[in-house]
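Asker: So that we are looking at the same thing, I have put the structure below in structure tokens.
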Amino acid sequence: MNLILSSLFPVFALIALGTVLKRRGLTNDTFLATSDRLVYFIFFPAMLFWKIGGANPAAGIPWRLCLAAAGAVLIVYAISDAAMRPAGITAFQAGSFSQSCYRFNTYIGVAIVINAMDETGVRLFGILIGFLIPLINVLAVSTLIWFSGQPISGRRRLAVTLKALVSNPLILACFAGLLYARAIHRFPSFLDNTLRLMSLVTLPLALMSIGGALTFANLRGYLRPSLAGAAIKLAILPLAGYGMLAWLEVTGVALQTAMIFFALPTSTAIYVLSSQLGSDTALASATIVVSTVLSFFSLSAVMMIFF
């Protein structure tokens with residue numbers, strides 16, 4: 001119980017603070033949009049590069065962990081497609097619903113891993129998200145385009161997917177960190193101190209931005225599909241993930257890191273991508289809220305069972 005409180009309470013307290021600040025008018029949409037860009041393009045990549053680049057290079061890449069997580073995501077992707085008709089999901093909603101079932105909130109994940117685990121867990125989580133973000137982007141973009149009804153060519157689909165991957169600063173930071181760890185491993189003190197200061201800004205700003213972006217206006221009309229998406233993300237994905245981890249004999253810190261990953265709420269990025277590629281942004285917004293609130297229980301369960 002102490003681990004749950006010390007690991008989860010600070011994260012959700014900052015999210016709640018972000019919601020309160022927005023409602024009180026101390027932050028606004030302009031501030032949140034600016035802070036999101038700063039976190040996404042500067043502070044969070046810098047923190048990932050620092051955490052991964054300073055890790056032990058002899059540890060290598062945990063391929064069984066990555067393959068287990070990728071397998072679980074693919075299983076849940078198939079389940080989300082099969083669940084659309086029973087859940088009453090229309091073609092317009094399909095892209096948003098599908099994303100909500102397997103996309104993950106990186107900021108919340110890193111915050112919890114830093115609170116609950118040592119540097120090894122942070123490194124494993126960084127490698128995991130660097131490995132999975134390309135796969136998840138391919139699945140999300142393909143589904144959004146497939147159900148959009150727009151006459152988009154295969155070349156256009158490939159271009160949209162590749163652009164989403166090569167311009168993703170989190171992927172670039174993870175790979176840069178791995179290369180730096182293998183080549184140099186240690187940061188000079190002036191650079192280490194600079195990156196440490198930048199990392200201190202990152203998570204509070206990111207978590208408060210998540211809270212400020214949460215809106216409950218669409219819950220009434222979209223409660224059923226948002227609950228269905230959250231159930232797949234927070235219950236079925238952890239179960240599928242644990243099955244894959246057991247099958248590939250992943251244990252120890254890698255198992256704990258992966259289970260935190262599987263229990264995370266869906267990403268706020270589903271709203272942006274749904275807007276860009278013509279899916280239901282109201283459903284995306286509702287699912288983000290429901291998934292974020294309910295993830296406290298999925299993450300608590302993971303902490304109780306695996307830590």
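Scheme for the structure tokens: letters A, B, ... for chains in order shown; per-chain residue numbers from 1; ligand numbers from 1 in order shown.
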Pick out the residues sitting within 8 Å of Cys66 in chain A, and hand them over as a list in words; count only C-alpha atoms, and ignore anything fewer than 4 positions along from it in its own chain.

Answerer: Pro62, Ala70, Leu128, Phe131 and Leu132 of chain A

Asker: Name the residues in contact with range 4-6 of chain A at a cut-off of 8 Å, using only C-alpha atoms, excluding same-chain residues fewer than 4 positions from it; report them as a list in words.

Answerer: Pro10, Asn115, Ala116, Ser300, Met303 and Met304 of chain A

Asker: For C-alpha atoms, I'd like the residues from the last selection saved as a compact mmCIF listing (two decimals), in the first residue's frame.

Answerer:
# COMPACT_ATOMS: atom_id res chain seq x y z
CA PRO A 10 1.97 12.16 -6.72
CA ASN A 115 8.74 6.85 -8.55
CA ALA A 116 8.49 3.06 -8.25
CA SER A 300 -2.82 -0.11 -8.27
CA MET A 303 1.57 -2.62 -7.96
CA MET A 304 -0.16 -4.97 -5.53

Asker: Please measure the separation of CA of Arg220 in chain A and CA of Thr30 in chain A, giving the value in Å to one decimal.

Answerer: 26.5 Å

Asker: Between A:Thr292, A:Thr287, A:Thr215, A:Ser209, which residue has the minimum interatomic distance to Leu38 in chain A, considering only C-alpha atoms?

Answerer: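 Nearest to Leu38 in chain A: A:Ser209.
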
Asker: Record the distance separating CA of Gly88 in chain A and CA of Tyr222 in chain A, expressed in Å with one decimal.

Answerer: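 Result for CA of Gly88 in chain A versus CA of Tyr222 in chain A: 10.9 Å, one decimal.
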
Asker: Distance CA of Val302 in chain A-CA of Phe261 in chain A, one decimal place?

Answerer: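 Here the two named atoms are 9.9 Å from each other.
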
Asker: Report the residues of range 221-266 of chain A whose backbone DSSP state falls under helix (DSSP H, G or I), written as a PyMOL selection string.

Answerer: chain A and resi 221-247+252-262

Asker: Of the residues A:Val289, A:Ala258, A:Ala284, A:Leu273, which is the one nearest to Val122 in chain A, using only C-alpha atoms?

Answerer: A:Ala258

Asker: Given only C-alpha atoms, how would the per-residue table for range 26-103 of chain A near range 194-204 of chain A read, listing every residue at most 10 Å away with its closest atom pair and distance in Å to one decimal, sorted by chain and number, as a Markdown table?

Answerer:
| residue | atom | partner | partner_atom | distance |
| --- | --- | --- | --- | --- |
| A:Ser35 | CA | A:Thr202 | CA | 9.6 |
| A:Leu38 | CA | A:Thr202 | CA | 8.8 |
| A:Val39 | CA | A:Thr202 | CA | 6.1 |
| A:Tyr40 | CA | A:Thr202 | CA | 9.2 |
| A:Ile42 | CA | A:Met198 | CA | 8.9 |
| A:Phe43 | CA | A:Thr202 | CA | 5.4 |
| A:Phe44 | CA | A:Thr202 | CA | 5.8 |
| A:Pro45 | CA | A:Ser199 | CA | 9.4 |
| A:Ala46 | CA | A:Leu195 | CA | 6.5 |
| A:Met47 | CA | A:Ser199 | CA | 5.0 |
| A:Leu48 | CA | A:Ser199 | CA | 8.6 |
| A:Phe49 | CA | A:Leu195 | CA | 8.7 |
| A:Trp50 | CA | A:Leu195 | CA | 6.3 |
| A:Lys51 | CA | A:Leu195 | CA | 9.2 |

Asker: Let me see the file: selected residues, C-alpha atoms, as a PDB file, in the first residue's frame.

Answerer:
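Generated output (again.pdb):
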ATOM      1  CA  SER A  35       3.539  23.654 -22.466  1.00  0.00           C
ATOM      2  CA  LEU A  38       7.734  22.372 -24.876  1.00  0.00           C
ATOM      3  CA  VAL A  39       7.376  18.993 -23.155  1.00  0.00           C
ATOM      4  CA  TYR A  40       6.933  17.005 -26.364  1.00  0.00           C
ATOM      5  CA  ILE A  42      12.276  19.650 -25.823  1.00  0.00           C
ATOM      6  CA  PHE A  43      11.984  18.621 -22.169  1.00  0.00           C
ATOM      7  CA  PHE A  44      10.718  15.039 -22.452  1.00  0.00           C
ATOM      8  CA  PRO A  45      13.153  14.003 -25.231  1.00  0.00           C
ATOM      9  CA  ALA A  46      15.986  15.558 -23.201  1.00  0.00           C
ATOM     10  CA  MET A  47      14.967  13.556 -20.135  1.00  0.00           C
ATOM     11  CA  LEU A  48      14.727  10.289 -22.085  1.00  0.00           C
ATOM     12  CA  PHE A  49      18.121  10.906 -23.685  1.00  0.00           C
ATOM     13  CA  TRP A  50      19.637  11.623 -20.257  1.00  0.00           C
ATOM     14  CA  LYS A  51      18.107   8.588 -18.549  1.00  0.00           C
TER      15      LYS A  51
END

Asker: So, with only C-alpha atoms as the atoms that count, which of A:Trp247, A:Phe97, A:Phe175, A:Phe125 lies closest to Ala72 in chain A?

Answerer: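 For Ala72 in chain A, the nearest of the given residues is A:Trp247.
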
Asker: Neighbouring residues of Ile171 in chain A were defined as those with any atom within 10 Å, considering only C-alpha atoms; residues of the same chain fewer than 5 positions away were excluded. Please report them as a list in words.

Answerer: Pro45, Leu48, Gly126, Ile127, Ile129, Gly130, Phe131, Leu132, Ile133, Pro134, Leu165, Val166, Ala176 and Gly177 of chain A

Asker: For the residues in that selection, give me C-alpha atoms as a compact mmCIF listing (two decimals), in the first residue's frame.

Answerer:
# COMPACT_ATOMS: atom_id res chain seq x y z
CA PRO A 45 13.15 14.00 -25.23
CA LEU A 48 14.73 10.29 -22.08
CA GLY A 126 12.55 4.01 -22.50
CA ILE A 127 13.61 1.14 -24.76
CA ILE A 129 8.37 2.89 -25.78
CA GLY A 130 11.02 3.50 -28.45
CA PHE A 131 10.32 0.02 -29.81
CA LEU A 132 6.52 0.23 -29.66
CA ILE A 133 5.77 3.78 -30.78
CA PRO A 134 6.50 2.95 -34.46
CA LEU A 165 7.54 8.14 -37.16
CA VAL A 166 10.53 10.14 -38.36
CA ALA A 176 20.03 8.71 -29.53
CA GLY A 177 20.25 7.68 -25.87
